[in-house]
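work_20.csv follows (CSV, C-alpha atoms):
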chain,number,residue,atom,x,y,z
A,1,MET,CA,2.9,-26.2,-18.6
A,2,SER,CA,3.0,-29.8,-17.3
A,3,ALA,CA,-0.3,-31.7,-16.9
A,4,GLU,CA,0.7,-32.0,-13.2
A,5,TYR,CA,-0.4,-28.4,-12.7
A,6,GLU,CA,-3.9,-26.9,-12.9
A,7,ILE,CA,-5.2,-23.4,-12.3
A,8,VAL,CA,-8.4,-23.1,-10.2
A,9,LYS,CA,-10.4,-20.4,-8.6
A,10,TYR,CA,-10.1,-20.2,-4.9
A,11,ARG,CA,-12.5,-22.2,-2.8
A,12,PRO,CA,-12.8,-22.3,1.1
A,13,GLU,CA,-11.1,-25.7,1.4
A,14,LEU,CA,-7.9,-24.2,-0.1
A,15,LYS,CA,-7.6,-21.5,2.7
A,16,GLU,CA,-5.1,-23.3,4.9
A,17,GLN,CA,-3.0,-24.2,1.9
A,18,VAL,CA,-2.9,-20.6,0.7
A,19,VAL,CA,-2.1,-19.4,4.3
A,20,GLU,CA,0.9,-21.8,4.3
A,21,LEU,CA,2.0,-20.8,0.8
A,22,GLN,CA,2.0,-17.1,1.8
A,23,LYS,CA,4.6,-17.7,4.5
A,24,GLU,CA,6.9,-16.7,1.6
A,25,LEU,CA,5.2,-13.3,1.1
A,26,TRP,CA,2.8,-12.1,3.8
A,27,SER,CA,4.5,-13.3,7.0
A,28,SER,CA,6.0,-16.4,8.6
A,29,ASP,CA,3.0,-16.6,11.0
A,30,ALA,CA,0.1,-18.7,9.6
A,31,SER,CA,-2.5,-17.3,12.0
A,32,ARG,CA,-1.7,-13.7,10.9
A,33,ASN,CA,-1.8,-14.8,7.3
A,34,ARG,CA,-5.3,-16.2,7.8
A,35,ARG,CA,-6.5,-13.0,9.4
A,36,PHE,CA,-5.1,-11.0,6.5
A,37,LEU,CA,-6.7,-13.2,3.9
A,38,GLU,CA,-10.1,-13.0,5.6
A,39,TRP,CA,-9.8,-9.2,6.0
A,40,LYS,CA,-8.7,-8.5,2.5
A,41,TYR,CA,-10.8,-10.9,0.5
A,42,GLU,CA,-13.7,-12.1,2.6
A,43,LYS,CA,-14.5,-8.8,4.4
A,44,ASN,CA,-13.7,-6.5,1.5
A,45,PRO,CA,-16.5,-3.9,1.4
A,46,TYR,CA,-16.7,-4.0,-2.4
A,47,PHE,CA,-16.3,-7.6,-3.5
A,48,ARG,CA,-17.3,-10.2,-0.8
A,49,GLU,CA,-16.3,-13.2,-3.0
A,50,PRO,CA,-12.6,-13.9,-2.8
A,51,LEU,CA,-11.1,-13.4,-6.2
A,52,ILE,CA,-7.9,-15.6,-5.9
A,53,TYR,CA,-6.6,-17.8,-8.7
A,54,VAL,CA,-4.5,-20.7,-7.4
A,55,ALA,CA,-2.0,-23.0,-9.1
A,56,LEU,CA,-2.1,-26.5,-7.9
A,57,HIS,CA,0.5,-29.2,-8.2
A,58,ARG,CA,-0.9,-32.7,-7.5
A,59,GLY,CA,-3.6,-31.0,-5.5
A,60,GLN,CA,-1.3,-28.8,-3.5
A,61,ALA,CA,-1.3,-25.0,-3.7
A,62,ILE,CA,2.0,-23.8,-5.0
A,63,GLY,CA,1.1,-20.4,-6.6
A,64,MET,CA,-1.5,-17.7,-6.6
A,65,ARG,CA,-2.6,-14.2,-7.8
A,66,GLY,CA,-5.2,-12.3,-5.9
A,67,PHE,CA,-7.6,-9.5,-6.9
A,68,HIS,CA,-9.5,-7.4,-4.3
A,69,GLY,CA,-12.2,-4.8,-4.6
A,70,VAL,CA,-11.5,-1.1,-4.8
A,71,LYS,CA,-13.8,1.9,-5.3
A,72,LEU,CA,-12.2,4.7,-7.2
A,73,GLU,CA,-13.8,8.1,-8.0
A,74,ALA,CA,-12.9,10.4,-10.9
A,75,GLY,CA,-14.3,13.1,-13.2
A,76,THR,CA,-16.3,16.2,-13.1
A,77,PRO,CA,-18.9,15.7,-11.7
A,78,SER,CA,-17.3,13.0,-9.6
A,79,ARG,CA,-18.5,9.5,-10.1
A,80,ALA,CA,-17.6,6.3,-8.2
A,81,PHE,CA,-16.3,3.2,-10.0
A,82,PRO,CA,-15.9,-0.3,-8.3
A,83,VAL,CA,-12.8,-1.8,-9.8
A,84,LEU,CA,-10.4,-4.6,-9.1
A,85,ALA,CA,-6.8,-4.4,-7.8
A,86,ALA,CA,-4.2,-7.0,-8.4
A,87,GLY,CA,-1.8,-8.2,-5.7
A,88,ASP,CA,-0.4,-11.2,-3.7
A,89,ALA,CA,1.4,-12.8,-6.6
A,90,LEU,CA,3.6,-15.7,-5.5
A,91,ILE,CA,5.0,-19.0,-7.0
A,92,ALA,CA,6.7,-21.4,-4.6
A,93,PRO,CA,10.5,-21.5,-5.3
A,94,ALA,CA,10.5,-25.1,-6.5
A,95,HIS,CA,7.9,-24.4,-9.2
A,96,ARG,CA,9.2,-21.1,-10.7
A,97,ASP,CA,10.2,-20.6,-14.4
A,98,ARG,CA,7.5,-23.0,-15.6
A,99,GLY,CA,5.1,-20.6,-17.1
A,100,LEU,CA,2.7,-20.6,-14.1
A,101,VAL,CA,2.5,-16.8,-13.8
A,102,THR,CA,1.3,-16.5,-17.4
A,103,GLN,CA,-1.2,-19.3,-17.0
A,104,ILE,CA,-2.6,-17.9,-13.7
A,105,LEU,CA,-3.0,-14.4,-15.4
A,106,LYS,CA,-4.7,-15.9,-18.5
A,107,THR,CA,-7.2,-17.8,-16.3
A,108,ALA,CA,-7.9,-14.7,-14.2
A,109,TYR,CA,-8.3,-12.4,-17.2
A,110,ALA,CA,-10.8,-14.8,-18.9
A,111,ASP,CA,-12.8,-15.1,-15.7
A,112,LEU,CA,-12.7,-11.5,-14.7
A,113,ALA,CA,-13.9,-10.4,-18.1
A,114,GLU,CA,-17.4,-11.4,-16.9
A,115,SER,CA,-17.2,-9.0,-13.9
A,116,ASP,CA,-18.5,-5.5,-13.7
A,117,SER,CA,-15.0,-4.0,-13.6
A,118,ARG,CA,-13.7,-2.5,-16.8
A,119,TYR,CA,-10.1,-2.2,-15.6
A,120,LEU,CA,-7.6,-4.0,-13.4
A,121,PHE,CA,-5.2,-1.9,-11.3
A,122,SER,CA,-2.0,-2.6,-9.5
A,123,LEU,CA,-1.7,0.1,-6.8
A,124,GLY,CA,1.8,0.8,-5.6
A,125,ALA,CA,3.6,-2.1,-7.3
A,126,SER,CA,7.2,-2.1,-6.0
A,127,SER,CA,8.7,-5.5,-7.2
A,128,ARG,CA,10.5,-5.0,-10.5
A,129,VAL,CA,10.0,-8.6,-11.4
A,130,ASN,CA,6.3,-8.4,-10.8
A,131,VAL,CA,6.0,-5.1,-12.7
A,132,LEU,CA,7.9,-6.6,-15.7
A,133,GLY,CA,5.7,-9.6,-15.7
A,134,LEU,CA,2.5,-7.5,-15.8
A,135,LEU,CA,3.9,-5.1,-18.5
A,136,THR,CA,4.4,-8.1,-20.8
A,137,SER,CA,0.8,-9.1,-20.4
A,138,GLY,CA,-0.9,-5.9,-21.5
A,139,TRP,CA,-0.5,-3.6,-18.5
A,140,LYS,CA,0.7,0.0,-18.7
A,141,SER,CA,2.5,2.1,-16.1
A,142,VAL,CA,0.7,5.4,-15.1
A,143,GLY,CA,4.1,6.5,-13.7
A,144,PRO,CA,6.4,6.3,-10.7
A,145,LEU,CA,5.2,7.3,-7.2
A,146,ARG,CA,8.4,9.1,-6.3
A,147,PRO,CA,9.0,8.3,-2.6
A,148,MET,CA,10.6,10.9,-0.4
A,149,GLY,CA,11.6,10.5,3.2
A,150,GLN,CA,13.7,11.4,6.2
A,151,VAL,CA,16.2,8.7,7.2
A,152,THR,CA,18.4,9.5,10.2
A,153,THR,CA,22.2,9.1,10.1
A,154,LYS,CA,22.0,6.4,12.8
A,155,ALA,CA,19.4,4.5,10.8
A,156,MET,CA,21.5,4.7,7.6
A,157,ARG,CA,24.6,3.4,9.5
A,158,ARG,CA,22.6,0.5,10.9
A,159,GLN,CA,21.2,-0.4,7.5
A,160,GLN,CA,24.8,-0.5,6.1
A,161,VAL,CA,25.9,-2.8,8.9
A,162,ARG,CA,22.9,-5.2,8.2
A,163,ARG,CA,23.6,-5.1,4.5
A,164,ALA,CA,27.3,-6.0,5.1
A,165,ILE,CA,26.2,-8.9,7.3
A,166,THR,CA,24.1,-10.4,4.5
A,167,ARG,CA,27.4,-10.8,2.5
A,168,LEU,CA,29.2,-12.7,5.2
A,169,PRO,CA,29.4,-16.5,5.3
A,170,PHE,CA,27.6,-18.2,8.2
A,171,VAL,CA,26.3,-15.1,9.9
A,172,TRP,CA,24.2,-13.7,7.0
A,173,ARG,CA,21.1,-15.4,8.4
A,174,TYR,CA,21.3,-13.1,11.4
A,175,HIS,CA,21.1,-9.8,9.4
A,176,ASP,CA,17.6,-9.2,10.6
A,177,ALA,CA,18.2,-10.2,14.3
A,178,ARG,CA,16.4,-7.7,16.5
A,179,PHE,CA,19.6,-6.8,18.5
A,180,LEU,CA,20.9,-5.2,15.3
A,181,PHE,CA,18.1,-2.6,15.4
A,182,SER,CA,17.9,0.4,17.7
A,183,ALA,CA,15.0,0.8,20.2
A,184,ASP,CA,13.5,3.4,17.9
A,185,GLU,CA,13.6,1.0,14.9
A,186,ARG,CA,12.1,-1.8,17.0
A,187,GLN,CA,9.3,0.5,18.2
A,188,PRO,CA,8.9,3.3,15.7
A,189,PHE,CA,5.9,4.8,17.5
A,190,ARG,CA,7.5,4.8,21.0
A,191,HIS,CA,8.0,8.6,21.1
A,192,LEU,CA,4.4,9.3,19.9
A,193,ASP,CA,3.2,6.9,22.6
A,194,ALA,CA,5.3,8.3,25.4
A,195,ALA,CA,2.4,10.1,26.9
A,196,THR,CA,-1.3,9.3,27.3
A,197,PRO,CA,-3.5,9.0,24.2
A,198,GLY,CA,-4.8,12.3,22.9
A,199,ARG,CA,-1.8,14.2,24.0
A,200,ARG,CA,-0.6,17.3,22.2
A,201,PRO,CA,2.9,17.1,20.7
A,202,GLY,CA,4.0,20.6,22.0
A,203,GLU,CA,3.0,23.4,24.3
A,204,GLY,CA,0.0,25.2,22.7
A,205,SER,CA,-0.2,22.9,19.7
A,206,PRO,CA,-3.6,22.4,18.3
A,207,VAL,CA,-2.7,18.9,17.1
A,208,THR,CA,-3.7,15.8,19.1
A,209,ILE,CA,-2.2,12.3,18.6
A,210,GLU,CA,-4.5,9.3,19.0
A,211,ARG,CA,-4.5,5.6,18.3
A,212,ARG,CA,-8.0,5.4,17.0
A,213,PRO,CA,-9.5,6.7,13.7
A,214,ARG,CA,-12.3,9.3,13.9
A,215,LEU,CA,-14.0,7.6,10.9
A,216,ASP,CA,-17.0,9.8,10.5
A,217,ALA,CA,-15.1,13.1,11.1
A,218,MET,CA,-12.4,12.1,8.6
A,219,ALA,CA,-14.9,11.1,6.0
A,220,GLU,CA,-16.8,14.3,6.6
A,221,LEU,CA,-13.7,16.4,6.1
A,222,VAL,CA,-12.9,14.6,2.8
A,223,GLU,CA,-16.4,15.2,1.5
A,224,ARG,CA,-16.4,18.8,2.7
A,225,LEU,CA,-13.1,19.6,0.9
A,226,GLY,CA,-14.5,18.3,-2.3
A,227,HIS,CA,-13.0,16.5,-5.2
A,228,ASP,CA,-10.9,18.0,-8.0
A,229,GLY,CA,-11.8,15.2,-10.5
A,230,ARG,CA,-8.5,13.4,-10.4
A,231,VAL,CA,-8.6,9.6,-9.9
A,232,ARG,CA,-8.5,8.7,-6.3
A,233,HIS,CA,-9.8,6.1,-3.8
A,234,VAL,CA,-13.2,6.8,-2.2
A,235,ARG,CA,-12.6,7.6,1.4
A,236,ASP,CA,-15.9,7.2,3.1
A,237,SER,CA,-16.4,5.9,6.6
A,238,GLU,CA,-17.1,2.3,5.3
A,239,TYR,CA,-13.8,2.2,3.5
A,240,LEU,CA,-11.8,3.8,6.3
A,241,GLY,CA,-13.3,1.5,8.9
A,242,TRP,CA,-12.2,-1.5,6.8
A,243,ARG,CA,-8.9,-0.1,5.9
A,244,PHE,CA,-7.6,0.5,9.4
A,245,GLN,CA,-8.3,-3.1,10.4
A,246,ASN,CA,-5.4,-4.4,8.2
A,247,PRO,CA,-3.7,-7.1,10.4
A,248,PHE,CA,-0.3,-6.1,9.0
A,249,SER,CA,-0.4,-2.4,9.6
A,250,GLU,CA,-0.2,-0.4,12.8
A,251,TYR,CA,-1.6,3.2,12.7
A,252,ARG,CA,-1.4,6.5,14.6
A,253,PHE,CA,-3.6,9.5,13.9
A,254,LEU,CA,-2.8,13.2,14.2
A,255,TYR,CA,-5.8,15.5,14.3
A,256,TRP,CA,-6.4,19.3,14.0
A,257,GLY,CA,-9.8,20.3,15.4
A,258,GLU,CA,-12.2,19.1,18.0
A,259,ALA,CA,-15.8,20.0,17.4
A,260,ARG,CA,-15.2,20.0,13.7
A,261,LEU,CA,-12.1,18.3,12.2
A,262,GLU,CA,-10.0,20.6,10.0
A,263,GLY,CA,-7.2,18.3,9.3
A,264,TYR,CA,-5.8,14.8,9.8
A,265,LEU,CA,-2.6,12.9,9.2
A,266,VAL,CA,-2.4,9.1,9.2
A,267,LEU,CA,0.9,7.3,10.0
A,268,ASN,CA,1.4,3.6,9.6
A,269,ARG,CA,4.1,1.0,9.7
A,270,ARG,CA,4.0,-2.6,8.4
A,271,THR,CA,4.3,-5.3,11.1
A,272,SER,CA,5.1,-8.4,9.1
A,273,ASP,CA,8.4,-10.0,9.8
A,274,LEU,CA,9.0,-10.2,6.1
A,275,GLU,CA,8.7,-6.5,5.5
A,276,ASN,CA,10.5,-3.3,6.5
A,277,TRP,CA,8.8,-2.9,9.9
A,278,THR,CA,11.1,0.0,10.9
A,279,ARG,CA,9.8,2.4,8.3
A,280,VAL,CA,6.8,4.7,9.1
A,281,HIS,CA,4.7,6.0,6.2
A,282,ILE,CA,2.7,9.1,5.9
A,283,ALA,CA,-0.3,7.2,4.6
A,284,ASP,CA,-2.8,10.0,4.2
A,285,LEU,CA,-3.0,13.7,4.8
A,286,GLU,CA,-6.0,16.1,4.5
A,287,ALA,CA,-6.3,19.6,5.6
A,288,SER,CA,-8.6,22.6,5.0
A,289,ASP,CA,-5.7,24.9,4.3
A,290,ALA,CA,-1.9,24.9,3.8
A,291,ARG,CA,-1.1,26.2,7.3
A,292,ILE,CA,-2.9,23.2,8.9
A,293,ARG,CA,-1.2,20.8,6.5
A,294,SER,CA,2.2,22.3,7.6
A,295,GLU,CA,1.4,22.0,11.3
A,296,LEU,CA,0.4,18.4,11.0
A,297,LEU,CA,3.5,17.5,9.1
A,298,SER,CA,5.7,19.4,11.5
A,299,ALA,CA,4.0,17.8,14.5
A,300,ALA,CA,4.6,14.3,13.0
A,301,VAL,CA,8.3,15.0,12.4
A,302,THR,CA,9.0,16.7,15.7
A,303,ALA,CA,7.0,14.3,18.0
A,304,GLY,CA,7.7,11.1,16.1
A,305,ARG,CA,11.5,11.3,15.8
A,306,PHE,CA,11.3,8.4,13.4
A,307,PRO,CA,14.4,6.6,12.1
A,308,GLU,CA,12.6,6.4,8.7
A,309,LEU,CA,9.6,8.5,7.7
A,310,VAL,CA,8.5,8.2,4.0
A,311,THR,CA,5.7,9.2,1.7
A,312,TRP,CA,4.9,9.2,-2.0
A,313,THR,CA,5.0,12.6,-3.8
A,314,ALA,CA,3.9,11.9,-7.4
A,315,SER,CA,0.6,13.8,-7.1
A,316,LEU,CA,1.7,16.5,-4.7
A,317,SER,CA,1.9,20.2,-5.7
A,318,GLU,CA,5.3,21.9,-5.9
A,319,GLU,CA,4.3,23.8,-2.7
A,320,GLU,CA,3.7,20.6,-0.9
A,321,ILE,CA,7.0,19.1,-2.1
A,322,GLN,CA,8.9,22.2,-1.0
A,323,LEU,CA,7.3,21.8,2.5
A,324,LEU,CA,8.6,18.3,2.7
A,325,LYS,CA,12.1,19.4,1.6
A,326,HIS,CA,12.0,22.1,4.3
A,327,LEU,CA,11.3,19.4,6.8
A,328,GLY,CA,14.4,17.4,5.6
A,329,PHE,CA,12.7,15.0,3.2
A,330,ALA,CA,14.7,13.8,0.2
A,331,PRO,CA,14.3,11.1,-2.5
A,332,VAL,CA,14.8,7.5,-1.1
A,333,ASP,CA,14.9,4.0,-2.4
A,334,ALA,CA,17.1,4.7,-5.4
A,335,GLU,CA,17.6,1.0,-6.1
A,336,VAL,CA,13.9,0.7,-7.1
A,337,THR,CA,13.0,4.2,-8.1
A,338,THR,CA,15.6,4.1,-10.9
A,339,ARG,CA,13.6,1.2,-12.3
A,340,GLY,CA,10.3,3.1,-12.2
A,341,CYS,CA,9.0,1.6,-9.0
A,342,PRO,CA,6.9,1.9,-7.0
A,343,CYS,CA,4.2,2.7,-9.6
A,344,VAL,CA,0.6,2.4,-10.6
A,345,LEU,CA,-0.3,0.0,-13.3
A,346,VAL,CA,-3.5,-0.4,-15.3
A,347,ARG,CA,-4.9,-2.9,-17.7
A,348,PRO,CA,-8.4,-3.0,-19.4
A,349,LEU,CA,-10.2,-6.3,-19.4
A,350,ARG,CA,-10.9,-5.8,-23.1
A,351,ASP,CA,-7.7,-6.6,-25.0
A,352,ASP,CA,-9.0,-4.6,-28.0
A,353,LEU,CA,-9.5,-1.3,-26.2
A,354,PRO,CA,-7.2,1.4,-27.6
A,355,GLU,CA,-5.0,3.3,-25.1
A,356,THR,CA,-6.8,6.5,-26.0
A,357,GLU,CA,-10.0,5.1,-24.6
A,358,TRP,CA,-8.5,4.1,-21.2
A,359,VAL,CA,-10.6,6.5,-19.3
A,360,LEU,CA,-12.3,6.6,-15.9
A,361,GLY,CA,-14.9,9.3,-15.6
A,362,ASP,CA,-13.6,11.9,-18.0
A,363,ARG,CA,-9.9,11.3,-17.0
A,364,PRO,CA,-7.4,9.5,-19.3
A,365,LEU,CA,-5.8,6.9,-17.0
A,366,LEU,CA,-2.3,6.9,-18.4
A,367,ASP,CA,-1.8,10.6,-17.7
A,368,THR,CA,0.0,11.0,-14.3
A,369,LYS,CA,-1.6,14.4,-13.8
A,370,ASN,CA,-5.0,12.8,-13.5
A,371,TRP,CA,-4.1,10.9,-10.4
A,372,ASP,CA,-4.3,11.9,-6.7
A,373,TRP,CA,-2.3,9.1,-5.0
A,374,ARG,CA,-1.6,8.3,-1.3
A,375,VAL,CA,0.2,5.4,0.4
A,376,LEU,CA,-3.1,4.6,2.1
A,377,TYR,CA,-4.6,3.4,-1.2
A,378,SER,CA,-2.0,0.6,-1.5
A,379,MET,CA,-1.5,-2.4,0.7
A,380,ARG,CA,1.6,-0.7,2.0
A,381,GLY,CA,-0.6,1.9,3.8

Would you mind writing the file out in structure tokens?
Amino acid sequence: MSAEYEIVKYRPELKEQVVELQKELWSSDASRNRRFLEWKYEKNPYFREPLIYVALHRGQAIGMRGFHGVKLEAGTPSRAFPVLAAGDALIAPAHRDRGLVTQILKTAYADLAESDSRYLFSLGASSRVNVLGLLTSGWKSVGPLRPMGQVTTKAMRRQQVRRAITRLPFVWRYHDARFLFSADERQPFRHLDAATPGRRPGEGSPVTIERRPRLDAMAELVERLGHDGRVRHVRDSEYLGWRFQNPFSEYRFLYWGEARLEGYLVLNRRTSDLENWTRVHIADLEASDARIRSELLSAAVTAGRFPELVTWTASLSEEEIQLLKHLGFAPVDAEVTTRGCPCVLVRPLRDDLPETEWVLGDRPLLDTKNWDWRVLYSMRG
């Protein structure tokens, strides 16, 4: 690596440079990028100090890798573990293929070895290039997350048109022009929002649709239903309150129960202009029994009428997968799933730790069956 480059730990005076740099990854809007950085790194409920490693070229930020706080729980009895998740990897185009990714990671690993976290995680990694880079530096894949979804015929046709435009000279730059998207694609929640907040999606339905999270009731339901010991994110009111403030996500909430919540389903879509803002994710779903789970899913599908509705199925039971299939869900994103993405990656901060000892609680981390995974736990949720 040239002497013109140096790797430094983030400091506040670099904020505006990082915000500008991330116009390549987060969004083209610097003000939104600033809010996202502050939310994710400065207001994180588990690590208040921003853990970002920045590559400088002649004093200018041209690359970075961020790590943010996460609290996982695992084992029987259940125990909580504050850990670190990797994300936000970017090198400016003019400075790629110069070994900067490796140098940033080496600097980060050496510094983070002094932290209380025993492992690093990448939660929902979807970029094949990023995944390959991590695999070459000691990370291991827990397994693919197996996205399934409903994509309407109209949405598929419009996607084909937009892909065709990207291959045409001169007009390729207009492939994401808003007039090429239907009203439902531009406003995926418009059917849910067609009536007043708190409306019921059908006559006699016990499900209500709202824009605000019932933080305490959701956390109480999660606690009441208990934990089967698999590795999952802690979902207490503190985490949920922080999570639903993500500046690049828009949420809707479906609830079953009034005095005492018996089920909830969280829908979200990404709102950055650099991401797929037409897709709605089932970010989280909890219910006290299978009937309520089915009612919540059916209400989301029927009332939402989404062009694209997607969730991850790697940790679902066969019964839950069959329910999704019954509602018209099928595997999606073949271009990335055939390469093992999206996935969960893990790396110990000790290079000499044998894979047989990669354990959280009493659960071996590299066994897919030991994970309970939801879109909500990733930055996509």

What's around range 82-85 of chain A at 9 Å? Count only C-alpha atoms, leave out sequence neighbours fewer than 2 positions away in its own chain, and write the answer as a compact mmCIF listing (two decimals) with C-alpha atoms, in the coordinates of the input.
# COMPACT_ATOMS: atom_id res chain seq x y z
CA TYR A 46 -16.70 -4.00 -2.40
CA PHE A 47 -16.30 -7.60 -3.50
CA GLY A 66 -5.20 -12.30 -5.90
CA PHE A 67 -7.60 -9.50 -6.90
CA HIS A 68 -9.50 -7.40 -4.30
CA GLY A 69 -12.20 -4.80 -4.60
CA VAL A 70 -11.50 -1.10 -4.80
CA LYS A 71 -13.80 1.90 -5.30
CA LEU A 72 -12.20 4.70 -7.20
CA GLU A 73 -13.80 8.10 -8.00
CA ALA A 80 -17.60 6.30 -8.20
CA GLY A 87 -1.80 -8.20 -5.70
CA ASP A 116 -18.50 -5.50 -13.70
CA SER A 117 -15.00 -4.00 -13.60
CA ARG A 118 -13.70 -2.50 -16.80
CA TYR A 119 -10.10 -2.20 -15.60
CA LEU A 120 -7.60 -4.00 -13.40
CA PHE A 121 -5.20 -1.90 -11.30
CA SER A 122 -2.00 -2.60 -9.50
CA LEU A 123 -1.70 0.10 -6.80

Shell around Val18 in chain A at 10 Å using only C-alpha atoms, local window under 3 positions removed, as a PyMOL selection string: chain A and resi 10+13-15+21-23+30+33-34+37+52+54+60-64

Computed interatomic separation between CA of Gly381 in chain A and CA of Ile282 in chain A (Å): 8.2 Å

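The smallest atom-to-atom distance between Ala94 in chain A and any of A:Trp242, A:His57, A:Ser31, A:Thr368, using all atoms listed in the file, is found for A:His57.
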
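Distance check against Pro50 in chain A using all atoms listed in the file: of A:Glu286, A:Thr136, A:Arg65, A:Val131, the minimum falls on A:Arg65.
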
May I have the protein, DNA and RNA residues with any atom at most 12 Å from the point (12.1, 17.1, 8.3), counting all atoms listed in the file, written as a PDB file with C-alpha atoms, in the frame of the given file?
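Saved result, out05.pdb, follows:
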ATOM      1  CA  MET A 148      10.600  10.900  -0.400  1.00  0.00           C
ATOM      2  CA  GLY A 149      11.600  10.500   3.200  1.00  0.00           C
ATOM      3  CA  GLN A 150      13.700  11.400   6.200  1.00  0.00           C
ATOM      4  CA  VAL A 151      16.200   8.700   7.200  1.00  0.00           C
ATOM      5  CA  THR A 152      18.400   9.500  10.200  1.00  0.00           C
ATOM      6  CA  SER A 294       2.200  22.300   7.600  1.00  0.00           C
ATOM      7  CA  LEU A 297       3.500  17.500   9.100  1.00  0.00           C
ATOM      8  CA  SER A 298       5.700  19.400  11.500  1.00  0.00           C
ATOM      9  CA  ALA A 299       4.000  17.800  14.500  1.00  0.00           C
ATOM     10  CA  ALA A 300       4.600  14.300  13.000  1.00  0.00           C
ATOM     11  CA  VAL A 301       8.300  15.000  12.400  1.00  0.00           C
ATOM     12  CA  THR A 302       9.000  16.700  15.700  1.00  0.00           C
ATOM     13  CA  ALA A 303       7.000  14.300  18.000  1.00  0.00           C
ATOM     14  CA  GLY A 304       7.700  11.100  16.100  1.00  0.00           C
ATOM     15  CA  ARG A 305      11.500  11.300  15.800  1.00  0.00           C
ATOM     16  CA  PHE A 306      11.300   8.400  13.400  1.00  0.00           C
ATOM     17  CA  PRO A 307      14.400   6.600  12.100  1.00  0.00           C
ATOM     18  CA  GLU A 308      12.600   6.400   8.700  1.00  0.00           C
ATOM     19  CA  LEU A 309       9.600   8.500   7.700  1.00  0.00           C
ATOM     20  CA  VAL A 310       8.500   8.200   4.000  1.00  0.00           C
ATOM     21  CA  ILE A 321       7.000  19.100  -2.100  1.00  0.00           C
ATOM     22  CA  GLN A 322       8.900  22.200  -1.000  1.00  0.00           C
ATOM     23  CA  LEU A 323       7.300  21.800   2.500  1.00  0.00           C
ATOM     24  CA  LEU A 324       8.600  18.300   2.700  1.00  0.00           C
ATOM     25  CA  LYS A 325      12.100  19.400   1.600  1.00  0.00           C
ATOM     26  CA  HIS A 326      12.000  22.100   4.300  1.00  0.00           C
ATOM     27  CA  LEU A 327      11.300  19.400   6.800  1.00  0.00           C
ATOM     28  CA  GLY A 328      14.400  17.400   5.600  1.00  0.00           C
ATOM     29  CA  PHE A 329      12.700  15.000   3.200  1.00  0.00           C
ATOM     30  CA  ALA A 330      14.700  13.800   0.200  1.00  0.00           C
TER      31      ALA A 330
END

Would you write out, as JSON lines, a table of all residues in range 266-332 of chain A that have an atom no more than 10 Å from an atom of range 337-354 of chain A, listing for each the closest atom pair and the distance in Å to one decimal, considering all atoms listed in the file and ordering rows by chain and rising residue number?
{"residue": "A:Trp312", "atom": "CA", "partner": "A:Pro342", "partner_atom": "CA", "distance": 9.1}
{"residue": "A:Ala314", "atom": "CA", "partner": "A:Cys343", "partner_atom": "CA", "distance": 9.5}
{"residue": "A:Pro331", "atom": "CA", "partner": "A:Thr337", "partner_atom": "CA", "distance": 9.0}
{"residue": "A:Val332", "atom": "CA", "partner": "A:Thr337", "partner_atom": "CA", "distance": 7.9}
